[in-house]
8 protein chains.
Amino acid sequence: MDNKHLKELLEQVKSGRIDTDAALHQLKKLPYENLGYARIDHHRCMRNGVPEVIYCEGKTIPQIQGIVEKLSQYNENILATRANPDVYAGIQDVIPDCVYHEMARIVVVKPRSVNQVGNLAVVCAGTSDMPVGEEAAITAEVLGNNVNRIYDVGVAGLHRLLGVCDDLFKAHVAIVIAGMEGALASVVGGLVSCPVIGVPTSVGYGASFGGIAALLSMLNSCASGVSVVNIDNGFGAGFQASLINKAIAKNEDD
Amino acid sequence: MDNKHLKELLEQVKSGRIDTDAALHQLKKLPYENLGYARIDHHRCMRNGVPEVIYCEGKTIPQIQGIVEKLSQYNENILATRANPDVYAGIQDVIPDCVYHEMARIVVVKPRSVNQVGNLAVVCAGTSDMPVGEEAAITAEVLGNNVNRIYDVGVAGLHRLLGVCDDLFKAHVAIVIAGMEGALASVVGGLVSCPVIGVPTSVGYGASFGGIAALLSMLNSCASGVSVVNIDNGFGAGFQASLINKAIAKNEDD
Amino acid sequence: MDNKHLKELLEQVKSGRIDTDAALHQLKKLPYENLGYARIDHHRCMRNGVPEVIYCEGKTIPQIQGIVEKLSQYNENILATRANPDVYAGIQDVIPDCVYHEMARIVVVKPRSVNQVGNLAVVCAGTSDMPVGEEAAITAEVLGNNVNRIYDVGVAGLHRLLGVCDDLFKAHVAIVIAGMEGALASVVGGLVSCPVIGVPTSVGYGASFGGIAALLSMLNSCASGVSVVNIDNGFGAGFQASLINKAIAKNEDD
Amino acid sequence: MDNKHLKELLEQVKSGRIDTDAALHQLKKLPYENLGYARIDHHRCMRNGVPEVIYCEGKTIPQIQGIVEKLSQYNENILATRANPDVYAGIQDVIPDCVYHEMARIVVVKPRSVNQVGNLAVVCAGTSDMPVGEEAAITAEVLGNNVNRIYDVGVAGLHRLLGVCDDLFKAHVAIVIAGMEGALASVVGGLVSCPVIGVPTSVGYGASFGGIAALLSMLNSCASGVSVVNIDNGFGAGFQASLINKAIAKNEDD
Amino acid sequence: MDNKHLKELLEQVKSGRIDTDAALHQLKKLPYENLGYARIDHHRCMRNGVPEVIYCEGKTIPQIQGIVEKLSQYNENILATRANPDVYAGIQDVIPDCVYHEMARIVVVKPRSVNQVGNLAVVCAGTSDMPVGEEAAITAEVLGNNVNRIYDVGVAGLHRLLGVCDDLFKAHVAIVIAGMEGALASVVGGLVSCPVIGVPTSVGYGASFGGIAALLSMLNSCASGVSVVNIDNGFGAGFQASLINKAIAKNEDD
Amino acid sequence: MDNKHLKELLEQVKSGRIDTDAALHQLKKLPYENLGYARIDHHRCMRNGVPEVIYCEGKTIPQIQGIVEKLSQYNENILATRANPDVYAGIQDVIPDCVYHEMARIVVVKPRSVNQVGNLAVVCAGTSDMPVGEEAAITAEVLGNNVNRIYDVGVAGLHRLLGVCDDLFKAHVAIVIAGMEGALASVVGGLVSCPVIGVPTSVGYGASFGGIAALLSMLNSCASGVSVVNIDNGFGAGFQASLINKAIAKNEDD
Amino acid sequence: MDNKHLKELLEQVKSGRIDTDAALHQLKKLPYENLGYARIDHHRCMRNGVPEVIYCEGKTIPQIQGIVEKLSQYNENILATRANPDVYAGIQDVIPDCVYHEMARIVVVKPRSVNQVGNLAVVCAGTSDMPVGEEAAITAEVLGNNVNRIYDVGVAGLHRLLGVCDDLFKAHVAIVIAGMEGALASVVGGLVSCPVIGVPTSVGYGASFGGIAALLSMLNSCASGVSVVNIDNGFGAGFQASLINKAIAKNEDD
Amino acid sequence: MDNKHLKELLEQVKSGRIDTDAALHQLKKLPYENLGYARIDHHRCMRNGVPEVIYCEGKTIPQIQGIVEKLSQYNENILATRANPDVYAGIQDVIPDCVYHEMARIVVVKPRSVNQVGNLAVVCAGTSDMPVGEEAAITAEVLGNNVNRIYDVGVAGLHRLLGVCDDLFKAHVAIVIAGMEGALASVVGGLVSCPVIGVPTSVGYGASFGGIAALLSMLNSCASGVSVVNIDNGFGAGFQASLINKAIAKNEDD
């Protein structure tokens, strides 16, 4: 059962044409492959709309290679996140059809162009936050979103932020990425009327405590409409923002 | 300038009929009233679509009364959150046209029925999490969302959760509320394909550290698509979920 | 040796007319009175320009009374901070010539009008931060500063802050008081060119952790020129701001 | 006094054939050898049923060699945990009769086959948790348990876990190993009726805080029947699970 | 389907007479009752061998009453933990057939004598730890275990502990309860050869941080064979110890 | 066996006249009384030179009464610490021969005058630290030490400290008690040549975190010769200082 | 618009010759250059009196080079902080006119001599705190302040501090830098009558927790007049102290 | 003024033959040498009985060399702690008359034999704690104490500790060094009647949090008579223990 069939089934569930029980029954039939060290989940697509993403940290290169090989039999645009250059080389050895986004530390295996919809803003406070910003942006682009990168607009120079207000007002959803005191999430949250996903980063030193300061700051945002993901979790923000942006955009196109 | 006019102006900005600078110029003309202890923001509507919400903790009853009186001159369905019975009595004294949701600790001043759209699920792990669940649910209902309450489906009895899967699959957005270890956010996040907003609660004791355990758990969710708000912040989750659900639903209706 | 003489001696030291050793010798002669539970420091004036301040928390009312009685023999405008109504009543019993600032929780014993110089801004993010704001403002006023109170200008409604920019630009020093995520300190720090003293407050709940979120946020401010005092320490901010404002103002008047 | 004699004595104590005082008296006679840097405990067997385990971190290789040499005079199947390849090489130099489990970081000195009884499940949430899983599994196997490895069944793909329910239901005791939010312990705890030992791992980043998130999550498990060991402590879990599984299995065989 | 039938079905699953799928099918048929605020789980017995336990903190008395009424239709020996005297009174109003263990803060609804098997030791370091000890002991007794209470044997007076060694050596499983530095868990863990479940308590002050010191101490026990539950979680320790003790004892009796 | 005999035996051990084994044998014969909730240790005297001290927090008044009654059969000058007025009344009911030190929260049961030797300084930074200071001072006095109280000499007024240097230089051991930033321990530690025992107190607010700031400060003292006890642990400091002071003084008298 | 023109405009605003709105209008016209990864802020001078400072950590060398090149077109005395030797080499490649202060880790690009005014003391507790001290001192010197370095005067040897009192008394503002317990800030704060800016450093080990001990100590200073910046933030302290010292000195010169 | 003269003066102060003021006057005359980066304190001997100790971490080798050269002009047995082999080499280059204790990381410059008095026990829980143990032991030996090393007697094998009780009972003061859960301090504290100084070590992993677990454990010791120094601070413990042991021993010899 390839990607298309899974999507069809998913659509049937969403539209109510088949009931969930029947669909679950079909899903149970789908084999997941047990490699011993990993159970490849070929029908994750059905459940949340994207193929399994490979989080590379803590996995050996042979393990990653094994997972990539299996996934690439049925899927395209497979994301391998937190991938350093050695991981990239290892993936290339088994699937040469792949591309490496170095700053984002993401390998896209079997990259294919996708239709990009809506308007998803990725806003970074400082230049040092860009790796996390790129992780979010690449993730969102591969998942099919129009991404608008707005970088280096931290609150210490408020006029820089005010200068991009028009861009912010157009977004369906905004990812706001900041280290140090993470104040940008609150300020953007007070300006826009779309949902804001804050990503605290580990940029900073001393009492930033590896991102805790920014995390707490964002969790306590006095602006309504802000939620938060883990420190440096650009992928997670990109993924959730994609769910939101695409749901809004899809209906827009109708 | 009343609520309607603000909305009109907002629409013009969104549609591009007037540019942002022109709109900002108009906005600057709008007086906000300085009561000394508070600056009443009469055009917040324009910025994020809802009147100012009064967070009651830390404010004296006379301060709350003053703010309510001013806001109620131009607005309806004003939310006063974290309101204990004394606050409710104080508000009633100045604006009798109000209703108190005791479990949610919310007073709605000048409550008016609103059109409720879409499908916003509020999921609670345990009975003790219900006050936070109700804060989210009432907030979302007042802001114009169809809310589906799904309570007491914690992971210790997985079949209870599996029994409500059909409800979960229908949601545009799901708020997942849990104390103790907060595992429900990950499990729901792994099941659904809509965005999940986790709300850790302070339910628990000992090493729950007033909600830190659940907060960290949700921030580290292995399921993609989960973001998090502050501990016990039912209002914040309800507010952001409303932004998402209404944006999706509005387009659906077109 | 009364207040005036101490100041004279201090001036001599500063101007170099007598050397430090000689001055220290004179100082050693000054008795401090040992009440057993407290050593009354009659020449603190000489060292930092103000009479001893009584921090009331953790002291019994008889202890406070004893200290006030001794201090008031030689001093005026004595500050008793963190004073609840019982403490006020206790002080009144022994020195009726006193005034109570309830919101600031400060008793001023033997209040006398002082010349108020310069421009010291006290900026509060929210209404709930006002008790800390008043502690700073009253402290600064009693110590001889012109104080400009700017309240309820939190970053969630940025136009409120922009509306008071002119006031901010005039300040010699600004105290910025905020709870929750404390972002106001960074935003103000990025706007003004005077020193900013941040005071995190314990306003908030959940992951604000009694002010830790705001404290960390302010310590990690991306805006240069911001330093921080303890959570809820309005007195400390008012005291240091007074040192700065008066040093600048004094020379201005020359 | 070799291993066998110790076991005999131990059995006499357990069966009540000799009283504890008498046994303790015999034990006191047993020399432990003081190497200066370590006191080799030759009768630990008597007290908890296994020879002393060497925790290698923080010990120099000569110290480890000295301890291994002494222990191997009287014991077999000696475990050296947290052993890196250099430690392995060092042990091989003095006792060539040893085997290295690389992923588990365990050296077994004088490995001998043992009867493996009962049913001890080792469950891992993700591939990255496998090193801890193997530490637990190898420990349990060397101590004489049937081990059933169930890997990569994290809660983000619940059907993978449901697919192994039959295996879980057969276990006498289950070790559940998970990083990030550690939710697997609660979910397994809610499914099975045997004791569950949770092992939080340091897998994750940001707010996982080196395993704190998973640790707190497991300590606050809403499922009854879950206890927890230190972060990454596969050995400790394997050891305790072995005590439980063997006690149950032994009686089963009677 | 009453308690007996559930047990029968459970036995069939364990013995393999019916397969899990068939059993799950039957279980799904079992109604759980949705009271709105709680979903009563009538077949929890099947899953982990005991009726649902009511954790009373955070629940209103009417909620507790509703749950107790439903549960008591099909079950006996229902445990309501963390029950203060008001809760007890509330339960008595609806089910007079109940008993209150005040120190343990447990109400047993419809108490019935059960066969008590095996040997489960509950060891407390100090008198102040007794409430937690009693919570564990009462839980274990109601669940059908022989409990041996060994109180006030903290390590500061080692001879007291040595004086009860014989009792400790007889236990199938030992619960060790200690506040302050929690050292007793390690010392007992080093003496016995059965599994030890540590319960840190919040007894102490200052740097005990509400039980964190004891919790960390027990998690880092240098003695193998020790696992830990949440601070003050006597119930959880009693529950898991019961699973272990009964599994061992059951086979012993064969 | 009364107090005197225990001391004799202890002396014999110290002098080597009887060996430890023989002494331990005699000790084992000594009954400790098991009250169920407490094991009264009648030969603690032998081990550390003072009768058992009753830490009252967390104990019920009947438990305290029971322990006091048993201890007072064989001992005098029994310390009951952390005793509030209710505890005092409860003790008085069973043993009227007792005295209450209210600020120190200590009841001395069967108070008898003891020879007070040596020179033990108790130094407090501020008036608010006095309750902890008194707990240390009363403890030390009852245990037989000359105590020199030096209060309110915090570092903010350094000349007050310098004024008492002569007193400090005479001490055999100094207890330094301070809250807030706890700097006094370092400053005294840099001045004197005797051992300094630091006691951080919970005096302060905000980022003092209940004494953590002072605790960390003292643990990191740049002055050599400083060790630290738990926050607010006046008793512990008094006890250890007594061991040191009396050991030095005893030899002095020879 | 070069540096001089910006200053002129700034002066006009300060003197009130043009109003703020007019000035802001002019400022908005000023282009900031968007390099994609950074928005170069050419009119920061206007806002806070110094050109943008480059915080090098987390930026790639090409990014730093790009920023330096742009900034150096319009500015002199550009500070690049947290610059390691590689960064210095990278900057030299594009702008050879630069100097490296190795201990301070600061590169000054296009260094020009400036008029140094006032009296700014930089006080270090220990030799190991010097890198932070130099960061503060170099920053302040480049910004135009007379800096008086007073190093290695920690409180463990109080006479060393007392020996430099005369220097301290002359300062307009004092930066106090200390690791370990950070007591020096309180002691200096108690001695002087000028504002004190504390800089906790990460010097220490164990319970210094990377500077937390010193940070908390300084935040809780019992001496009034002390505020604090982030751990190791020599730059921030130098920057704020410069604002204070220059404001005082400027008026002095009038 | 050399070492001997300082000691003489010190003795005069102690004996009261000259008063403190006179002595201080003499001391003030003593130059300390300001090297710019360090102020060499030649009369520290007088104040606390030993020459300045050089804490090497964070100092450059040239700085250490400069300090050593100056100190060695007037002193012998100079301790350089936390010295790695490079530091040792650097010291050797300027003062070849030195010895390196590698495990203790201590260089003794101009080592001279000293009279060693009293009985100071250094007790280590595990082999991995030995570096800290040696730091304490070497420090104490150089300062003139008889040191009894008792290593690898952790509580997991209680009989090892009981086997060395005789040694423990003879000590004037005991240093107890332990990582992981640090229980040894409490157990030793309960056995002996001399003061115990606990040294938590960073030995451990996971929830030992770099020694926090052991630190908290020791601070909360249920045994009276235990105080604590910083994590891994063998030097500090050795120094304070030396003060205690020598004060007791000196009088013993009289």
# chains A, B, ... in the order shown; residues from 1 in each chain; ligands from 1

call {"tool": "interface_residues", "arguments": {"of": "chain H", "to": "chain D", "cutoff": "10 Å", "atoms": "only C-alpha atoms", "output": "ChimeraX atom specification"}}
result
/H:124-131,149-154,156-157,159-160,163,202-209

call {"tool": "write_last_selection", "arguments": {"atoms": "N, CA, C and O atoms", "output": "compact mmCIF listing (two decimals), in the first residue's frame"}}
result
# COMPACT_ATOMS: atom_id res chain seq x y z
N CYS H 124 36.21 7.25 52.70
CA CYS H 124 35.63 7.33 51.36
C CYS H 124 34.63 6.20 51.16
O CYS H 124 34.90 5.04 51.50
N ALA H 125 33.51 6.51 50.52
CA ALA H 125 32.51 5.48 50.24
C ALA H 125 32.98 4.52 49.15
O ALA H 125 32.85 3.31 49.28
N GLY H 126 33.54 5.07 48.07
CA GLY H 126 33.92 4.19 46.97
C GLY H 126 35.27 4.54 46.39
O GLY H 126 35.84 5.59 46.66
N THR H 127 35.77 3.65 45.58
CA THR H 127 37.06 3.87 44.94
C THR H 127 37.04 5.15 44.11
O THR H 127 38.02 5.90 44.07
N SER H 128 35.93 5.42 43.46
CA SER H 128 35.85 6.60 42.60
C SER H 128 35.92 7.90 43.38
O SER H 128 36.14 8.96 42.80
N ASP H 129 35.69 7.85 44.67
CA ASP H 129 35.76 9.06 45.49
C ASP H 129 37.18 9.37 45.95
O ASP H 129 37.42 10.38 46.62
N MET H 130 38.13 8.50 45.60
CA MET H 130 39.49 8.65 46.11
C MET H 130 40.19 9.97 45.74
O MET H 130 40.91 10.52 46.59
N PRO H 131 40.02 10.50 44.53
CA PRO H 131 40.70 11.77 44.26
C PRO H 131 40.32 12.86 45.26
O PRO H 131 41.17 13.64 45.71
N ARG H 149 43.57 7.04 56.49
CA ARG H 149 42.73 6.84 55.31
C ARG H 149 41.91 5.55 55.44
O ARG H 149 42.46 4.47 55.64
N ILE H 150 40.59 5.69 55.29
CA ILE H 150 39.69 4.52 55.35
C ILE H 150 38.83 4.57 54.10
O ILE H 150 37.86 5.32 54.02
N TYR H 151 39.21 3.75 53.10
CA TYR H 151 38.58 3.89 51.78
C TYR H 151 37.70 2.69 51.43
O TYR H 151 37.93 1.58 51.89
N ASP H 152 36.70 2.96 50.58
CA ASP H 152 35.81 1.94 50.02
C ASP H 152 35.00 1.23 51.10
O ASP H 152 34.97 0.01 51.17
N VAL H 153 34.31 2.00 51.90
CA VAL H 153 33.50 1.43 52.97
C VAL H 153 32.03 1.92 52.86
O VAL H 153 31.39 2.23 53.85
N GLY H 154 31.54 1.98 51.62
CA GLY H 154 30.18 2.46 51.38
C GLY H 154 29.11 1.61 52.04
O GLY H 154 29.34 0.43 52.37
N ALA H 156 26.50 0.15 51.01
CA ALA H 156 25.91 -1.03 50.37
C ALA H 156 26.49 -2.32 50.94
O ALA H 156 25.90 -3.38 50.81
N GLY H 157 27.67 -2.24 51.56
CA GLY H 157 28.26 -3.41 52.20
C GLY H 157 28.58 -3.04 53.64
O GLY H 157 29.74 -2.79 53.97
N HIS H 159 29.01 -4.38 56.39
CA HIS H 159 30.01 -5.06 57.22
C HIS H 159 31.40 -4.48 57.01
O HIS H 159 32.25 -4.54 57.87
N ARG H 160 31.64 -3.92 55.80
CA ARG H 160 32.95 -3.29 55.58
C ARG H 160 33.11 -2.09 56.50
O ARG H 160 34.18 -1.84 57.05
N GLY H 163 33.57 -3.13 60.07
CA GLY H 163 34.92 -3.66 60.27
C GLY H 163 35.96 -2.60 60.60
O GLY H 163 37.06 -2.91 61.06
N SER H 202 31.02 14.43 43.03
CA SER H 202 30.27 14.40 41.78
C SER H 202 30.26 13.01 41.16
O SER H 202 29.84 12.85 40.02
N VAL H 203 30.69 12.01 41.91
CA VAL H 203 30.64 10.64 41.41
C VAL H 203 29.18 10.21 41.27
O VAL H 203 28.41 10.35 42.21
N GLY H 204 28.86 9.67 40.14
CA GLY H 204 27.50 9.23 39.87
C GLY H 204 27.07 9.65 38.48
O GLY H 204 27.89 10.11 37.68
N TYR H 205 25.80 9.52 38.20
CA TYR H 205 25.29 9.89 36.87
C TYR H 205 23.81 10.15 37.02
O TYR H 205 23.22 9.93 38.07
N GLY H 206 23.19 10.60 35.96
CA GLY H 206 21.74 10.81 35.96
C GLY H 206 21.32 11.72 37.08
O GLY H 206 21.79 12.84 37.20
N ALA H 207 20.41 11.23 37.91
CA ALA H 207 19.83 12.06 38.96
C ALA H 207 20.79 12.36 40.11
O ALA H 207 20.37 12.87 41.14
N SER H 208 22.07 12.03 39.97
CA SER H 208 23.03 12.53 40.96
C SER H 208 23.32 13.99 40.66
O SER H 208 23.81 14.72 41.52
N PHE H 209 23.03 14.41 39.46
CA PHE H 209 23.15 15.81 39.07
C PHE H 209 24.47 16.43 39.50
O PHE H 209 24.52 17.51 40.10

call {"tool": "residues_around", "arguments": {"residues": "range 138-145 of chain E", "least_positions_apart": "6", "cutoff": "8 Å", "atoms": "only C-alpha atoms", "output": "MDAnalysis selection string"}}
result
chainID E and resid 50 77 79 101 104 106 113:120 235 238:239 241:242 245:246

call {"tool": "select_by_dssp", "arguments": {"residues": "range 59-235 of chain E", "states": "helix (DSSP H, G or I)", "output": "PyMOL selection string"}}
result
chain E and resi 61-74+85-94+127-142+155-162+165-170+184-191+206-219+234-235

call {"tool": "select_by_dssp", "arguments": {"residues": "range 27-208 of chain F", "states": "strand (DSSP E)", "output": "compact mmCIF listing (two decimals) with N, CA and C atoms, in the first residue's frame"}}
result
# COMPACT_ATOMS: atom_id res chain seq x y z
N GLU F 33 13.53 0.68 73.94
CA GLU F 33 12.11 0.39 74.11
C GLU F 33 11.36 0.73 72.83
N ASN F 34 10.59 -0.23 72.37
CA ASN F 34 9.80 -0.05 71.17
C ASN F 34 8.38 0.35 71.55
N ARG F 39 11.28 3.98 68.64
CA ARG F 39 12.16 3.12 69.41
C ARG F 39 13.07 4.02 70.24
N ILE F 40 12.81 4.04 71.56
CA ILE F 40 13.58 4.90 72.44
C ILE F 40 14.96 4.33 72.63
N ILE F 54 14.53 15.16 70.64
CA ILE F 54 13.23 14.95 70.01
C ILE F 54 12.96 16.07 69.02
N TYR F 55 12.91 15.71 67.74
CA TYR F 55 12.55 16.66 66.68
C TYR F 55 11.04 16.61 66.56
N ILE F 78 16.76 17.00 78.51
CA ILE F 78 16.31 16.46 77.22
C ILE F 78 15.83 17.63 76.36
N LEU F 79 16.30 17.67 75.11
CA LEU F 79 15.93 18.74 74.20
C LEU F 79 14.77 18.30 73.30
N ALA F 80 13.71 19.12 73.26
CA ALA F 80 12.66 18.92 72.27
C ALA F 80 12.67 20.14 71.37
N THR F 81 13.11 19.95 70.11
CA THR F 81 13.30 21.08 69.20
C THR F 81 12.09 21.26 68.29
N CYS F 98 9.84 21.36 83.20
CA CYS F 98 10.43 21.68 81.90
C CYS F 98 10.36 23.18 81.67
N VAL F 99 11.16 23.68 80.76
CA VAL F 99 11.19 25.11 80.49
C VAL F 99 11.14 25.34 78.98
N TYR F 100 10.47 26.42 78.56
CA TYR F 100 10.27 26.67 77.14
C TYR F 100 11.05 27.91 76.70
N HIS F 101 11.92 27.77 75.73
CA HIS F 101 12.61 28.91 75.11
C HIS F 101 11.85 29.25 73.84
N ILE F 106 12.47 25.70 71.63
CA ILE F 106 13.03 24.52 72.30
C ILE F 106 12.40 24.36 73.67
N VAL F 107 11.98 23.13 73.98
CA VAL F 107 11.62 22.79 75.35
C VAL F 107 12.78 21.98 75.93
N VAL F 108 13.22 22.38 77.13
CA VAL F 108 14.20 21.56 77.85
C VAL F 108 13.47 20.85 78.97
N VAL F 109 13.47 19.52 78.90
CA VAL F 109 12.76 18.73 79.90
C VAL F 109 13.74 18.34 81.00
N VAL F 117 31.73 25.34 79.40
CA VAL F 117 33.18 25.46 79.18
C VAL F 117 33.46 26.12 77.84
N GLY F 118 34.71 26.48 77.63
CA GLY F 118 35.18 26.95 76.34
C GLY F 118 34.60 28.29 75.91
N ASN F 119 34.56 28.50 74.59
CA ASN F 119 34.05 29.76 74.04
C ASN F 119 33.47 29.49 72.66
N LEU F 120 32.16 29.54 72.59
CA LEU F 120 31.44 29.23 71.35
C LEU F 120 30.66 30.47 70.95
N ALA F 121 31.04 31.06 69.81
CA ALA F 121 30.38 32.29 69.37
C ALA F 121 29.22 31.97 68.45
N VAL F 122 28.07 32.63 68.71
CA VAL F 122 26.92 32.54 67.81
C VAL F 122 26.72 33.93 67.20
N VAL F 123 26.96 34.02 65.89
CA VAL F 123 26.98 35.30 65.20
C VAL F 123 25.80 35.36 64.23
N CYS F 124 24.97 36.39 64.36
CA CYS F 124 23.82 36.54 63.47
C CYS F 124 23.98 37.78 62.59
N ASN F 145 28.24 24.47 77.03
CA ASN F 145 29.21 25.38 76.42
C ASN F 145 28.98 26.83 76.88
N ASN F 146 30.05 27.56 77.05
CA ASN F 146 29.96 29.01 77.17
C ASN F 146 29.60 29.58 75.81
N VAL F 147 28.50 30.32 75.74
CA VAL F 147 28.06 30.85 74.45
C VAL F 147 28.15 32.37 74.46
N ASN F 148 28.74 32.91 73.42
CA ASN F 148 28.82 34.36 73.26
C ASN F 148 27.95 34.78 72.08
N ARG F 149 26.80 35.44 72.37
CA ARG F 149 25.89 35.87 71.30
C ARG F 149 26.36 37.18 70.70
N ILE F 150 26.52 37.21 69.40
CA ILE F 150 26.93 38.43 68.68
C ILE F 150 25.92 38.62 67.55
N VAL F 173 35.20 28.13 68.35
CA VAL F 173 34.42 27.77 67.16
C VAL F 173 33.34 28.84 67.02
N ALA F 174 33.01 29.20 65.76
CA ALA F 174 32.00 30.23 65.53
C ALA F 174 30.89 29.69 64.65
N ILE F 175 29.66 29.89 65.11
CA ILE F 175 28.49 29.60 64.28
C ILE F 175 28.08 30.92 63.64
N VAL F 176 27.98 30.94 62.32
CA VAL F 176 27.60 32.17 61.63
C VAL F 176 26.27 31.95 60.92
N ILE F 177 25.30 32.77 61.28
CA ILE F 177 23.92 32.59 60.84
C ILE F 177 23.50 33.78 59.99
N ALA F 178 23.08 33.50 58.76
CA ALA F 178 22.70 34.61 57.88
C ALA F 178 21.73 34.14 56.83
N VAL F 196 34.52 27.60 61.36
CA VAL F 196 33.27 28.33 61.25
C VAL F 196 32.19 27.38 60.71
N ILE F 197 31.06 27.35 61.38
CA ILE F 197 29.93 26.56 60.90
C ILE F 197 28.86 27.53 60.43
N GLY F 198 28.57 27.50 59.15
CA GLY F 198 27.58 28.41 58.59
C GLY F 198 26.18 27.83 58.67
N VAL F 199 25.22 28.67 59.04
CA VAL F 199 23.82 28.27 59.02
C VAL F 199 23.05 29.24 58.12
N PRO F 200 22.72 28.82 56.91
CA PRO F 200 21.88 29.68 56.08
C PRO F 200 20.47 29.72 56.66
